[in-house]
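A short write-up of the structure that comes next.
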Amino acid sequence: MRTPARLRGTLEEPLASWGASIGVALLALVLRLWHLGSPQVFEFDETYYAKDAWSMLNHGYVRTYVDDANERILDGQTTGIWNADPSMVVHPEVGKWLIALGEKAFGMDPFGWRISAAVVGALMVLVMCRLAKRVTGSTALGLVAGLLLTFDGLHFVLSRLALLDIFLAFFLLSAVTCLVVDRDWHRARMARAVQVDGTDGLVAARSWGPVRPLLVRPWLLLGGVCFGLALGTKWTAAFPLAAFGVLVWLWSAGARRSVGVRWPVLRSAVVDGVPAFVQLVVVAFLVYVATWTGWLLNASAYEDALSSTQYTRFVAEGATCDDEPTLDDDRWPTATEPDATGVAEAWQSLRSLTSYHQDLYTFHAHFLNCSEHTYQSQPRGWLLLNRPVGVAADTGIEPGTRGCQAPQGSSCLRQVLLLGTPVLWWGGIVALLFAMVMWVGARDWRFGLTVVGAASTWLPWLQYDDRPIFLFYAMPILPFMILAITLAIGRLVGPSSHPSPRRTTGVVLAGSFVVLVLINFAWFWPIYTHELLTRAEWLDRIWFTRWI
């Protein structure tokens with residue numbers, strides 16, 4: 001009986017705990033680097049982001065390119081491809097700058113434009129391990145969370161693509177982790193401040209509690225930076241920023257209630273809410289603006305080329321999808337102004353950026369409503385994996401050619417499919433329902449963390465179900481789903497380390513679930529990694545017709 005306790009104690013030592021977490025992250029990295037450059041094509045929206053990243057790296061801003069740019073790049077050519085005019089990009093620039101780092105280090109080829117995603121995906125596994133360890137108090141459960149993220153198919157494939165969603169999910173998870181650390185820091189500092197005042201852990205009647213020692217919250221500041229980077233990747237980060245901003249306020253109010261402050265919610269809104277808003281939301285906004293530095297330095301090019309697009313001149317949508325929208329002759333105000341210098345030039349560029357953002361909003365809000373895509377899906381079915389996205393396919397490989405061993409009359413194929421590990425996602429639905437019950441019934445803040453995280457990254461998409469949106473937009477939901485599973489496993493196993501029928505049953509059930517996830521991931525490995533399959537083998541992995 002002593003040996004397990006000794007091993008458990010060793011695992012909880014900081015060096016061992018961090019070492020084990022880093023080990024899981026390295027495992028994730030090795031898996032994601034496996035044949036990372038295959039297939040040697042632009043997969044799905046890599047055709048935009050990889051070229052945009054290279055243009056930003058070499059020209060400072062995104063330029064348009066020639067029609068046969070993809071073929072030239074895959075042939076090894078990187079010159080004579082980009083035009084001088086800026087391109088109308090519809091997402092912010094952080095994710096593309098990260099892709100550009102890989103291209104700078106390894107060149108303009110599939111490995112180069114995917115390596116940043118692989119590294120960030122592995123770092124996300126590390127953050128997942130540490131967040132789960134903090135909220136459960138168990139390194140073992142933290143490692144379980146990291147392994148579940150490692151063996152999820154959606155995370156795995158996105159970590160091998162030059163798309164933006166893996167960067168968005170990483171920054172969001174990092175931001176939430178900072179907020180959880182801030183919660184612990186805030187409570188500990190408040191308790192010390194109350195003790196120093198000699199009030200034996202409780203404040204005097206009508207007291208607001210400690211204020212000055214809690215005005216500057218370093219982890220909250222860092223969370224604001226991470227949220228700013230998430231916003232600088234995709235605007236959808238605004239929803240979890242708002243949701244977790246409210247949650248920080250409520251956590252702070254709970255801390256004041258614990259030391260005897262009356263009317264803690266209202267009082268915390270003043271002494272905690274206002275400083276927290278500055279350190280979280282204002283900092284995120286400033287970081288977001290800073291991520292557009294490349295654009296701001298080249299604002300004049302955008303004013304010349306993109307100040308009177310259809311988005312600027314938009315008035316109203318057509319009566320039907322077959323009708324053209326109503327346009328006017330509007331133009332950015334800065335486009336007709338003389339070029340300023342000094343501080344006035346910076347202000348002029350910021351105003352141009354504001355006009356550009358209005359155009360981007362118009363694009364997203366009005367110009368996609370009548371669009372269609374083969375792989376679009378309804379967000380209400382994302383947790384069920386209702387419509388995975390095929391990002392690459394090489395079909396019709398004849399028997400006896402290119403390693404195909406299919407019987408005559410059939411064929412082989414290769415595919416990369418953006419599909420989560422089904423056992424994990426379907427188990428995650430149950431875990432999230434359990435988390436809702438525990439948050440409301442047991443008032444356990446940790447389960448509330450998972451519910452708020454999943455809701456704020458999923459529910460906003462329901463209002464956009466009339467436009468093409470895709471399953472991989474659900475990537476930011478996954479860490480909160482895994483955290484809910486991990487907390488449920490912790491409840492299943494129980495807090496006691498002594499053997500008991502309940503603990504044995506819990507360990508067996510939890511271990512079986514993790515093993516099933518691993519087996520399920522291995523089963524789908526060939527369609528995650530572009531491996532050769534006969535058509536029959538491929539159909540064995542396409543469980544529903546909507547997956548085709």
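We label chains A, B, ... in the order they appear in the structure tokens, count residues from 1 in each chain, and number ligands from 1 in the order shown.
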
Which residues are close to Ile489 in chain A, i.e. within 12 Å by only C-alpha atoms, leaving aside same-chain residues fewer than 5 positions away? Reply as an NGL selection string. :A and (132 or 136 or 138 or 140-142 or 144-145 or 427-428 or 430-431 or 434-435 or 482-484 or 494-495 or 503 or 505-514)

Skipping near chain neighbours, those fewer than 6 positions away, what residues fall within 12 Å of Ala237 in chain A using only C-alpha atoms, listed as a PyMOL selection string? chain A and resi 92+165+167-173+175-176+224+226-231+243-244+281+284-285+288+453+456-458+460-461+473+476-477

With only C-alpha atoms as the basis for distance, which of A:Glu93, A:Asp540, A:Asp52, A:Asp152 is at the shortest distance from Val289 in chain A?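 Of all the options, A:Glu93 lies closest to Val289 in chain A.
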
So how far away is CA of Trp219 in chain A from CA of Gln279 in chain A, in Å? 9.4 Å

Taking into account only C-alpha atoms, which residue in the set A:Thr293, A:Asn369, A:Thr336, A:Asn520 is nearest to Pro422 in chain A?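 The shortest atom-to-atom distance to Pro422 in chain A comes from A:Asn520.
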
Between CA of Cys178 in chain A and CA of Pro213 in chain A - distance in Å to one decimal: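 Taking CA of Pro213 in chain A and CA of Cys178 in chain A, their separation equals 18.8 Å.
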
Run DSSP on the backbone and grab whatever in range 189-346 of chain A lands in strand (DSSP E or B); send it over as a list in words.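 Selection result, strand (DSSP E or B) within range 189-346 of chain A: Phe314, Val315, Ala316, Thr326 and Leu327 of chain A.
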
Go ahead and write the selection's residues with N, CA, C and O atoms as a PDB file, in the first residue's frame.
```pdb
ATOM      1  N   PHE A 314     -21.692  48.561 -50.094  1.00  0.00           N
ATOM      2  CA  PHE A 314     -22.881  47.745 -49.831  1.00  0.00           C
ATOM      3  C   PHE A 314     -23.965  48.564 -49.124  1.00  0.00           C
ATOM      4  O   PHE A 314     -23.702  49.296 -48.175  1.00  0.00           O
ATOM      5  N   VAL A 315     -25.208  48.407 -49.604  1.00  0.00           N
ATOM      6  CA  VAL A 315     -26.366  49.063 -48.978  1.00  0.00           C
ATOM      7  C   VAL A 315     -27.351  48.026 -48.450  1.00  0.00           C
ATOM      8  O   VAL A 315     -27.785  48.091 -47.308  1.00  0.00           O
ATOM      9  N   ALA A 316     -27.692  47.052 -49.292  1.00  0.00           N
ATOM     10  CA  ALA A 316     -28.664  46.032 -48.888  1.00  0.00           C
ATOM     11  C   ALA A 316     -28.484  44.798 -49.756  1.00  0.00           C
ATOM     12  O   ALA A 316     -28.005  44.879 -50.896  1.00  0.00           O
ATOM     13  N   THR A 326     -27.657  45.812 -53.485  1.00  0.00           N
ATOM     14  CA  THR A 326     -27.705  47.240 -53.780  1.00  0.00           C
ATOM     15  C   THR A 326     -26.416  47.899 -53.304  1.00  0.00           C
ATOM     16  O   THR A 326     -26.010  47.726 -52.152  1.00  0.00           O
ATOM     17  N   LEU A 327     -25.777  48.648 -54.212  1.00  0.00           N
ATOM     18  CA  LEU A 327     -24.512  49.297 -53.896  1.00  0.00           C
ATOM     19  C   LEU A 327     -24.630  50.798 -54.142  1.00  0.00           C
ATOM     20  O   LEU A 327     -25.486  51.256 -54.914  1.00  0.00           O
TER      21      LEU A 327
END
```

So, with only C-alpha atoms as the atoms that count, which of A:Thr139, A:Leu149, A:Gly490, A:Leu418 lies closest to Thr10 in chain A?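 Among the listed residues, the smallest separation from Thr10 in chain A belongs to A:Thr139.
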
Smallest atom-to-atom distance to Gly318 in chain A: which of A:His530, A:Cys370, A:Gly19, A:Pro110, using only C-alpha atoms?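 The shortest atom-to-atom distance to Gly318 in chain A comes from A:Cys370.
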
Excluding Phe470 in chain A and residues on its chain fewer than 6 positions from it, collect all residues at most 9 Å away from it, counting only C-alpha atoms, and give them as a list in words. Tyr375, Gln376, Ser377, Gln378, Pro379, Trp382, Arg387, Pro388 and Val389 of chain A

Ranking A:Val246, A:Ile519, A:Leu11, A:Val194 by minimum distance to Lys133 in chain A and counting only C-alpha atoms, which one comes first? A:Leu11

Within 8 Å of Trp54 in chain A, counting only C-alpha atoms, which residues show up once you throw out same-chain ones fewer than 4 positions away? Write them as a list in words, please.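 Contacts, with the query itself left out: Ala50, Asn58, Ala100, Glu103 and Met108 of chain A.
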
Near Phe277 in chain A, counting only C-alpha atoms, which residues have an atom at most 12 Å away, once you skip same-chain residues fewer than 6 positions from it, shown as a VMD selection string? chain A and resid 215 to 217 220 to 221 223 to 224 241 to 242 244 to 249 268 to 271 283 to 285

Can I get the selection written as a JSON list (two decimals), in the first residue's frame, with N, CA, C and O atoms?
```
[["chain", "number", "residue", "atom", "x", "y", "z"],
["A", 215, "LEU", "N", -5.27, 45.31, -7.19],
["A", 215, "LEU", "CA", -5.55, 46.11, -8.38],
["A", 215, "LEU", "C", -4.82, 45.60, -9.62],
["A", 215, "LEU", "O", -5.38, 45.57, -10.71],
["A", 216, "VAL", "N", -3.57, 45.23, -9.46],
["A", 216, "VAL", "CA", -2.78, 44.71, -10.58],
["A", 216, "VAL", "C", -2.69, 43.20, -10.46],
["A", 216, "VAL", "O", -2.16, 42.69, -9.47],
["A", 217, "ARG", "N", -3.21, 42.51, -11.46],
["A", 217, "ARG", "CA", -3.27, 41.04, -11.45],
["A", 217, "ARG", "C", -2.48, 40.52, -12.65],
["A", 217, "ARG", "O", -2.97, 40.51, -13.78],
["A", 220, "LEU", "N", -3.97, 37.96, -14.99],
["A", 220, "LEU", "CA", -5.08, 38.52, -15.77],
["A", 220, "LEU", "C", -4.54, 39.32, -16.96],
["A", 220, "LEU", "O", -5.09, 39.25, -18.07],
["A", 221, "LEU", "N", -3.47, 40.05, -16.74],
["A", 221, "LEU", "CA", -2.82, 40.78, -17.83],
["A", 221, "LEU", "C", -2.36, 39.82, -18.92],
["A", 221, "LEU", "O", -2.56, 40.07, -20.12],
["A", 223, "GLY", "N", -3.53, 36.90, -19.48],
["A", 223, "GLY", "CA", -4.73, 36.39, -20.13],
["A", 223, "GLY", "C", -5.25, 37.36, -21.18],
["A", 223, "GLY", "O", -5.70, 36.95, -22.25],
["A", 224, "GLY", "N", -5.18, 38.67, -20.87],
["A", 224, "GLY", "CA", -5.59, 39.67, -21.86],
["A", 224, "GLY", "C", -4.73, 39.63, -23.10],
["A", 224, "GLY", "O", -5.23, 39.77, -24.23],
["A", 241, "LEU", "N", -14.13, 35.66, -24.78],
["A", 241, "LEU", "CA", -13.59, 36.79, -24.01],
["A", 241, "LEU", "C", -14.69, 37.42, -23.17],
["A", 241, "LEU", "O", -14.50, 37.68, -21.97],
["A", 242, "ALA", "N", -15.85, 37.65, -23.77],
["A", 242, "ALA", "CA", -16.97, 38.24, -23.02],
["A", 242, "ALA", "C", -17.45, 37.30, -21.92],
["A", 242, "ALA", "O", -17.68, 37.72, -20.78],
["A", 244, "PHE", "N", -15.87, 34.76, -20.38],
["A", 244, "PHE", "CA", -14.93, 34.57, -19.28],
["A", 244, "PHE", "C", -14.66, 35.87, -18.53],
["A", 244, "PHE", "O", -14.27, 35.84, -17.36],
["A", 245, "GLY", "N", -14.88, 37.01, -19.19],
["A", 245, "GLY", "CA", -14.80, 38.27, -18.46],
["A", 245, "GLY", "C", -15.84, 38.32, -17.36],
["A", 245, "GLY", "O", -15.55, 38.73, -16.22],
["A", 246, "VAL", "N", -17.06, 37.90, -17.67],
["A", 246, "VAL", "CA", -18.12, 37.84, -16.65],
["A", 246, "VAL", "C", -17.76, 36.82, -15.58],
["A", 246, "VAL", "O", -17.96, 37.05, -14.37],
["A", 247, "LEU", "N", -17.18, 35.68, -16.00],
["A", 247, "LEU", "CA", -16.84, 34.64, -15.03],
["A", 247, "LEU", "C", -15.74, 35.12, -14.07],
["A", 247, "LEU", "O", -15.78, 34.80, -12.87],
["A", 248, "VAL", "N", -14.77, 35.88, -14.57],
["A", 248, "VAL", "CA", -13.73, 36.44, -13.70],
["A", 248, "VAL", "C", -14.36, 37.33, -12.63],
["A", 248, "VAL", "O", -13.98, 37.29, -11.46],
["A", 249, "TRP", "N", -15.31, 38.14, -13.04],
["A", 249, "TRP", "CA", -16.01, 39.00, -12.09],
["A", 249, "TRP", "C", -16.71, 38.17, -11.01],
["A", 249, "TRP", "O", -16.59, 38.45, -9.81],
["A", 268, "SER", "N", -17.82, 43.81, -5.90],
["A", 268, "SER", "CA", -16.75, 43.29, -6.74],
["A", 268, "SER", "C", -16.80, 43.90, -8.14],
["A", 268, "SER", "O", -15.77, 44.07, -8.79],
["A", 269, "ALA", "N", -18.00, 44.27, -8.61],
["A", 269, "ALA", "CA", -18.11, 44.91, -9.92],
["A", 269, "ALA", "C", -17.31, 46.20, -9.97],
["A", 269, "ALA", "O", -16.77, 46.56, -11.02],
["A", 270, "VAL", "N", -17.20, 46.88, -8.83],
["A", 270, "VAL", "CA", -16.47, 48.15, -8.77],
["A", 270, "VAL", "C", -14.98, 47.91, -8.54],
["A", 270, "VAL", "O", -14.13, 48.35, -9.32],
["A", 271, "VAL", "N", -14.64, 47.20, -7.45],
["A", 271, "VAL", "CA", -13.24, 47.10, -7.04],
["A", 271, "VAL", "C", -12.47, 46.02, -7.81],
["A", 271, "VAL", "O", -11.24, 46.08, -7.89],
["A", 283, "VAL", "N", -6.55, 45.44, -22.60],
["A", 283, "VAL", "CA", -5.27, 44.89, -23.03],
["A", 283, "VAL", "C", -5.45, 44.02, -24.27],
["A", 283, "VAL", "O", -4.66, 44.09, -25.22],
["A", 284, "ALA", "N", -6.51, 43.20, -24.29],
["A", 284, "ALA", "CA", -6.77, 42.37, -25.47],
["A", 284, "ALA", "C", -6.98, 43.24, -26.71],
["A", 284, "ALA", "O", -6.48, 42.92, -27.80],
["A", 285, "PHE", "N", -7.71, 44.34, -26.56],
["A", 285, "PHE", "CA", -7.95, 45.24, -27.69],
["A", 285, "PHE", "C", -6.64, 45.86, -28.18],
["A", 285, "PHE", "O", -6.39, 45.92, -29.39]]
```

Neighbours of Gly448 in chain A within 8 Å (only C-alpha atoms; same-chain residues fewer than 3 positions away dropped), as an NGL selection string? :A and (435-436 or 439 or 444-445 or 451-452)

Nearest to Thr374 in chain A, chosen from A:Val515, A:Ile548, A:Val125, A:Val24, with only C-alpha atoms counted in the distances: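 Nearest to Thr374 in chain A: A:Ile548.
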